[in-house]
Structures are given as C-alpha cells and as structure tokens.
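Here's coords_24.pdb, which has PDB, C-alpha atoms:
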```pdb
ATOM      1  CA  MET G   1      12.525 205.986   6.215
ATOM      2  CA  LEU G   2      13.545 205.591   9.849
ATOM      3  CA  LEU G   3      14.224 202.131  11.269
ATOM      4  CA  SER G   4      14.425 201.655  15.025
ATOM      5  CA  THR G   5      15.761 198.563  16.740
ATOM      6  CA  ASN G   6      17.078 198.014  20.231
ATOM      7  CA  GLY G   7      16.990 201.735  20.956
ATOM      8  CA  ARG G   8      19.109 202.574  17.916
ATOM      9  CA  ARG G   9      17.824 204.475  14.935
ATOM     10  CA  PHE G  10      18.894 204.073  11.345
ATOM     11  CA  LEU G  11      17.878 206.294   8.457
ATOM     12  CA  PHE G  12      17.332 204.613   5.091
ATOM     13  CA  CYS G  13      16.520 206.117   1.735
ATOM     14  CA  VAL G  14      14.197 203.662   0.035
ATOM     15  CA  SER G  15      12.201 203.646  -3.136
ATOM     16  CA  ARG G  16       8.424 203.607  -3.203
ATOM     17  CA  THR G  17       8.567 199.948  -4.251
ATOM     18  CA  THR G  18      10.703 199.037  -1.246
ATOM     19  CA  ARG G  19       8.487 201.106   1.056
ATOM     20  CA  ALA G  20       5.428 199.274  -0.306
ATOM     21  CA  ALA G  21       7.098 195.892   0.220
ATOM     22  CA  LEU G  22       8.038 196.821   3.783
ATOM     23  CA  SER G  23       4.549 198.066   4.541
ATOM     24  CA  GLN G  24       3.136 194.680   3.486
ATOM     25  CA  LYS G  25       5.444 192.817   5.858
ATOM     26  CA  TYR G  26       5.636 195.317   8.732
ATOM     27  CA  LEU G  27       3.437 198.086  10.030
ATOM     28  CA  LEU G  28       4.642 201.520   9.057
ATOM     29  CA  ASN G  29       3.292 204.474  10.956
ATOM     30  CA  THR G  30       2.208 207.683   9.245
ATOM     31  CA  ASN G  31       5.663 209.270   9.240
ATOM     32  CA  ASN G  32       7.148 206.160   7.562
ATOM     33  CA  SER G  33       8.955 205.070  10.727
ATOM     34  CA  LEU G  34       9.374 201.343  11.171
ATOM     35  CA  TYR G  35       9.989 199.580  14.469
ATOM     36  CA  ILE G  36      11.266 196.041  14.553
ATOM     37  CA  SER G  37      12.094 194.300  17.820
ATOM     38  CA  PRO G  38      15.702 193.073  18.117
ATOM     39  CA  THR G  39      14.555 189.439  17.843
ATOM     40  CA  HIS G  40      12.431 190.148  14.772
ATOM     41  CA  PHE G  41      15.258 192.142  13.212
ATOM     42  CA  VAL G  42      17.669 189.206  13.463
ATOM     43  CA  MET G  43      15.359 186.316  12.709
ATOM     44  CA  ASN G  44      12.691 187.499  10.292
ATOM     45  CA  SER G  45      14.035 190.203   8.059
ATOM     46  CA  SER G  46      16.343 190.205   5.094
ATOM     47  CA  PHE G  47      18.924 191.831   7.362
ATOM     48  CA  SER G  48      21.024 188.920   8.518
ATOM     49  CA  SER G  49      22.767 188.054  11.727
ATOM     50  CA  THR G  50      25.910 187.438   9.644
ATOM     51  CA  ALA G  51      27.605 190.600  10.870
ATOM     52  CA  SER G  52      27.705 189.267  14.420
ATOM     53  CA  ALA G  53      28.356 185.649  13.405
ATOM     54  CA  PHE G  54      31.967 186.343  12.425
ATOM     55  CA  GLU G  55      34.169 188.762  14.330
ATOM     56  CA  THR G  56      36.658 189.090  11.492
ATOM     57  CA  SER G  57      36.884 188.338   7.793
ATOM     58  CA  GLY G  58      39.452 185.695   8.722
ATOM     59  CA  ASP G  59      36.896 183.913  10.930
ATOM     60  CA  TYR G  60      34.410 183.995   8.069
ATOM     61  CA  GLU G  61      36.946 182.721   5.507
ATOM     62  CA  THR G  62      38.072 179.872   7.781
ATOM     63  CA  PHE G  63      34.506 178.741   8.389
ATOM     64  CA  VAL G  64      33.460 179.005   4.724
ATOM     65  CA  GLU G  65      36.557 177.056   3.724
ATOM     66  CA  ARG G  66      35.340 174.225   5.991
ATOM     67  CA  VAL G  67      31.869 174.429   4.413
ATOM     68  CA  LEU G  68      33.273 174.270   0.872
ATOM     69  CA  LEU G  69      35.679 171.435   1.758
ATOM     70  CA  ARG G  70      32.772 169.479   3.245
ATOM     71  CA  PHE G  71      30.766 169.995   0.054
ATOM     72  CA  GLU G  72      33.759 168.867  -2.016
ATOM     73  CA  GLU G  73      34.067 165.681   0.078
ATOM     74  CA  ASP G  74      30.320 165.048  -0.194
ATOM     75  CA  PHE G  75      30.414 165.488  -3.977
ATOM     76  CA  GLU G  76      33.417 163.156  -4.296
ATOM     77  CA  GLU G  77      31.486 160.482  -2.372
ATOM     78  CA  LEU G  78      28.382 161.201  -4.415
ATOM     79  CA  SER G  79      30.316 160.838  -7.684
ATOM     80  CA  ASP G  80      30.737 157.125  -6.874
ATOM     81  CA  LYS G  81      26.929 156.768  -7.132
ATOM     82  CA  VAL G  82      25.895 159.383  -9.699
ATOM     83  CA  ASP G  83      27.488 161.070 -12.691
ATOM     84  CA  ILE G  84      29.293 164.283 -11.746
ATOM     85  CA  ASP G  85      31.392 165.328 -14.735
ATOM     86  CA  ASP G  86      33.698 167.879 -13.163
ATOM     87  CA  LEU G  87      34.460 168.935  -9.607
ATOM     88  CA  SER G  88      36.965 171.574  -8.508
ATOM     89  CA  LEU G  89      37.614 173.738  -5.482
ATOM     90  CA  SER G  90      40.021 176.627  -5.800
ATOM     91  CA  HIS G  91      40.372 179.973  -4.028
ATOM     92  CA  GLY G  92      36.964 179.842  -2.351
ATOM     93  CA  VAL G  93      35.087 178.713  -5.460
ATOM     94  CA  LEU G  94      33.574 175.220  -5.752
ATOM     95  CA  THR G  95      32.413 174.227  -9.228
ATOM     96  CA  PHE G  96      30.760 171.010 -10.331
ATOM     97  CA  THR G  97      29.057 169.966 -13.544
ATOM     98  CA  LEU G  98      26.193 167.562 -14.214
ATOM     99  CA  SER G  99      26.006 166.816 -17.948
ATOM    100  CA  ASN G 100      26.067 170.378 -19.315
ATOM    101  CA  LYS G 101      24.675 172.009 -16.141
ATOM    102  CA  THR G 102      27.219 173.808 -13.959
ATOM    103  CA  TYR G 103      26.873 174.794 -10.310
ATOM    104  CA  VAL G 104      29.137 177.385  -8.702
ATOM    105  CA  ILE G 105      29.313 177.860  -4.925
ATOM    106  CA  ASN G 106      31.608 180.621  -3.775
ATOM    107  CA  GLN G 107      32.478 182.699  -0.769
ATOM    108  CA  HIS G 108      31.755 186.399  -0.917
ATOM    109  CA  THR G 109      33.948 187.905   1.772
ATOM    110  CA  ALA G 110      32.739 191.501   1.456
ATOM    111  CA  SER G 111      29.183 190.500   2.397
ATOM    112  CA  LYS G 112      30.216 187.459   4.489
ATOM    113  CA  GLN G 113      27.886 185.321   2.418
ATOM    114  CA  ILE G 114      27.999 182.191   0.317
ATOM    115  CA  TRP G 115      26.760 182.719  -3.210
ATOM    116  CA  LEU G 116      25.277 179.928  -5.308
ATOM    117  CA  SER G 117      24.753 179.843  -9.040
ATOM    118  CA  SER G 118      22.407 176.965  -9.838
ATOM    119  CA  PRO G 119      21.361 175.844 -13.325
ATOM    120  CA  PHE G 120      17.917 175.111 -11.850
ATOM    121  CA  SER G 121      17.105 177.841  -9.308
ATOM    122  CA  GLY G 122      19.444 180.563 -10.546
ATOM    123  CA  PRO G 123      21.614 182.834  -8.385
ATOM    124  CA  LYS G 124      21.101 182.861  -4.611
ATOM    125  CA  HIS G 125      22.869 184.524  -1.682
ATOM    126  CA  PHE G 126      23.091 182.827   1.705
ATOM    127  CA  SER G 127      23.933 184.437   5.045
ATOM    128  CA  TYR G 128      24.908 182.490   8.130
ATOM    129  CA  ASP G 129      22.178 182.488  10.769
ATOM    130  CA  ILE G 130      23.532 181.968  14.292
ATOM    131  CA  LYS G 131      20.223 180.772  15.736
ATOM    132  CA  SER G 132      19.666 177.955  13.231
ATOM    133  CA  ASN G 133      23.349 177.231  12.450
ATOM    134  CA  GLU G 134      22.448 177.315   8.759
ATOM    135  CA  TRP G 135      23.292 179.293   5.648
ATOM    136  CA  VAL G 136      19.901 180.834   4.885
ATOM    137  CA  ASP G 137      18.715 182.357   1.624
ATOM    138  CA  THR G 138      18.614 186.138   2.018
ATOM    139  CA  LYS G 139      15.340 186.266   0.074
ATOM    140  CA  GLY G 140      13.693 183.432   2.026
ATOM    141  CA  GLY G 141      13.284 179.818   1.096
ATOM    142  CA  LEU G 142      15.414 176.785   1.808
ATOM    143  CA  ASN G 143      18.830 176.911   3.404
ATOM    144  CA  LEU G 144      21.873 176.152   1.240
ATOM    145  CA  HIS G 145      22.194 172.476   2.177
ATOM    146  CA  GLU G 146      18.459 171.772   1.807
ATOM    147  CA  LEU G 147      18.277 173.537  -1.561
ATOM    148  CA  LEU G 148      21.220 171.607  -3.025
ATOM    149  CA  GLY G 149      19.852 168.336  -1.643
ATOM    150  CA  LYS G 150      16.419 169.010  -3.134
ATOM    151  CA  GLU G 151      17.707 170.030  -6.557
ATOM    152  CA  LEU G 152      20.149 167.138  -6.864
ATOM    153  CA  SER G 153      17.570 164.647  -5.552
ATOM    154  CA  GLU G 154      15.184 165.761  -8.292
ATOM    155  CA  TYR G 155      17.914 165.669 -10.952
ATOM    156  CA  PHE G 156      19.259 162.208 -10.040
ATOM    157  CA  LYS G 157      15.863 160.848  -8.903
ATOM    158  CA  THR G 158      17.357 159.587  -5.656
ATOM    159  CA  LYS G 159      17.397 161.087  -2.160
ATOM    160  CA  ILE G 160      20.474 163.232  -1.544
ATOM    161  CA  GLU G 161      21.122 165.108   1.707
ATOM    162  CA  PHE G 162      23.882 167.481   2.745
ATOM    163  CA  HIS G 163      24.854 168.483   6.265
ATOM    164  CA  GLY G 164      27.349 171.253   6.714
ATOM    165  CA  PRO G 165      29.836 171.921   9.453
ATOM    166  CA  HIS G 166      28.415 174.082  12.195
ATOM    167  CA  LYS G 167      30.120 177.016  13.822
TER     168      LYS G 167
END
```
Would you encode the structure as structure tokens?
Amino acid sequence: MLLSTNGRRFLFCVSRTTRAALSQKYLLNTNNSLYISPTHFVMNSSFSSTASAFETSGDYETFVERVLLRFEEDFEELSDKVDIDDLSLSHGVLTFTLSNKTYVINQHTASKQIWLSSPFSGPKHFSYDIKSNEWVDTKGGLNLHELLGKELSEYFKTKIEFHGPHK
C-alpha cells in the first residue's frame, strides 16, 4: 500500500484486515494508494505527532518525568480524601493500588509514549499531541488525564479531575 502525505510517499505492507479498516476510514483508490493531507495525517490518524513533539529522547524523558511527578503529587493529595493503598514512582513507572486493583503508568521511551495498565479499561498507549497539548489514546477515546479522572470518579463515586503539565 502506498501512503502519500505532504509530497512524500511511504510504502507499507499491510494485511487485508488493515487494508479493509483503512478503506472504511479513508478512500483508497483502485491501486490501493492512500492520500492523507498533512493536517489529517497529524490530527486524525493513529500515526501521532509524537515524533515531532520531542526533538530528543532526553526531551521526552524530561517531560514525561514531569507528567509522572504531577500524577504522583495528585495521588498523594487524593489519598487524603480516598483510600489509595500503595503509591510509588520509580524509574519512569508510577504504580498505585486501590483495594486489590493496581494501575501502572509508565514511560515508553522507544515509542515516546505513556503506557497505562488499568484494572478497568485494560492496557492503553498514549502519544503526545502537540495541537491539543494532551496525551491521546493511540486507538481513539479519552486522553490520559480524562480517562483516569473518569475511572477513578466512577470507582470512588466522587468527581476527580487531573490536569497535566503542558509542554
């Protein structure tokens, strides 16, 4: 399959399932070429703007460290109001437990993403979107802060909101 964007062409080998999924979301021409405008490519596809959000892995790691530290601070404050059994941040991995339900939020430097393991919604990968200043789910859905707020609000039956540091 050939993908064109901003005058550049990329060749992808994709399965029939992937081709079918792409053809539902985008128009494929008869030779299986796909054109996505640069704006559409960045904002509306599963390809993220993460690559251009951070010039180096060091930039990414510094920013994610701030995000994880902010979450840790928020959870420490929250633990004064609700029961959080265990909270730890070490080497880019934030873990907290509610009763016997454990969340893990960790940096994934190779992909420049934040990965979440939730006892309620399962595993999710989030890429940083420059336009919205949010960590967005690579498969669609809520951003990282909204998802955690929603899940914890439902669990504790009280409104909980998170706001992360912005780049």
Selected residue, from G:Asp80, G:Glu73, G:Asp129, G:Asp59, that lies nearest to G:Phe162 when counting all atoms listed in the file: G:Glu73
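Remark: for G:His91, the closest of the candidate residues G:Thr109, G:Gly164, G:Arg70, G:Leu147 is G:Thr109 (distances computed over all atoms listed in the file).
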Matched chain/residue IDs from the PyMOL selection byres ((chain G and resi 155-161) around 12), as a list in words: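 Applied to this file, the PyMOL selection byres ((chain G and resi 155-161) around 12) selects Phe71, Asp74, Phe75, Glu77, Leu78, Ser79, Lys81, Val82, Asp83, Ile84, Leu98, Ser99, Lys101, Pro119, Phe120, Leu144, His145, Glu146, Leu147, Leu148, Gly149, Lys150, Glu151, Leu152, Ser153, Glu154, Phe162, His163 and Gly164 of chain G.
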Interatomic distance, atom CA of G:Ser90 to atom CA of G:Lys131 (Å, one decimal):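 So the answer is 29.5 Å.
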Two-atom distance - atom CA of G:Lys124, atom CA of G:Gln107 (Å): 12.0 Å
Atom CA of G:Lys112 to atom CA of G:Ser132, distance in Å rounded to a single decimal: 16.7 Å
Residues selected by the PyMOL selection byres ((chain G and resi 105) around 8), written as a PyMOL selection string: chain G and resi 68+93-95+103-104+106-107+114-117
Can you write just those residues out, C-alpha atoms, as a short mmCIF file (atom, residue, chain, number, x, y, z; two decimals), keeping the file's coordinate frame?
```
data_model
loop_
_atom_site.label_atom_id
_atom_site.label_comp_id
_atom_site.auth_asym_id
_atom_site.auth_seq_id
_atom_site.Cartn_x
_atom_site.Cartn_y
_atom_site.Cartn_z
CA LEU G 68 33.27 174.27 0.87
CA VAL G 93 35.09 178.71 -5.46
CA LEU G 94 33.57 175.22 -5.75
CA THR G 95 32.41 174.23 -9.23
CA TYR G 103 26.87 174.79 -10.31
CA VAL G 104 29.14 177.38 -8.70
CA ASN G 106 31.61 180.62 -3.78
CA GLN G 107 32.48 182.70 -0.77
CA ILE G 114 28.00 182.19 0.32
CA TRP G 115 26.76 182.72 -3.21
CA LEU G 116 25.28 179.93 -5.31
CA SER G 117 24.75 179.84 -9.04
#
```
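Across G:Ala110, G:Leu89, G:Ile130, G:Ala53, the tightest approach to G:Glu65 is made by G:Leu89 when counting all atoms listed in the file.
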Residues within 8 Å of (32.7, 188.9, 6.7), counting only C-alpha atoms, listed as a PyMOL selection string: chain G and resi 50-51+54-61+109-113
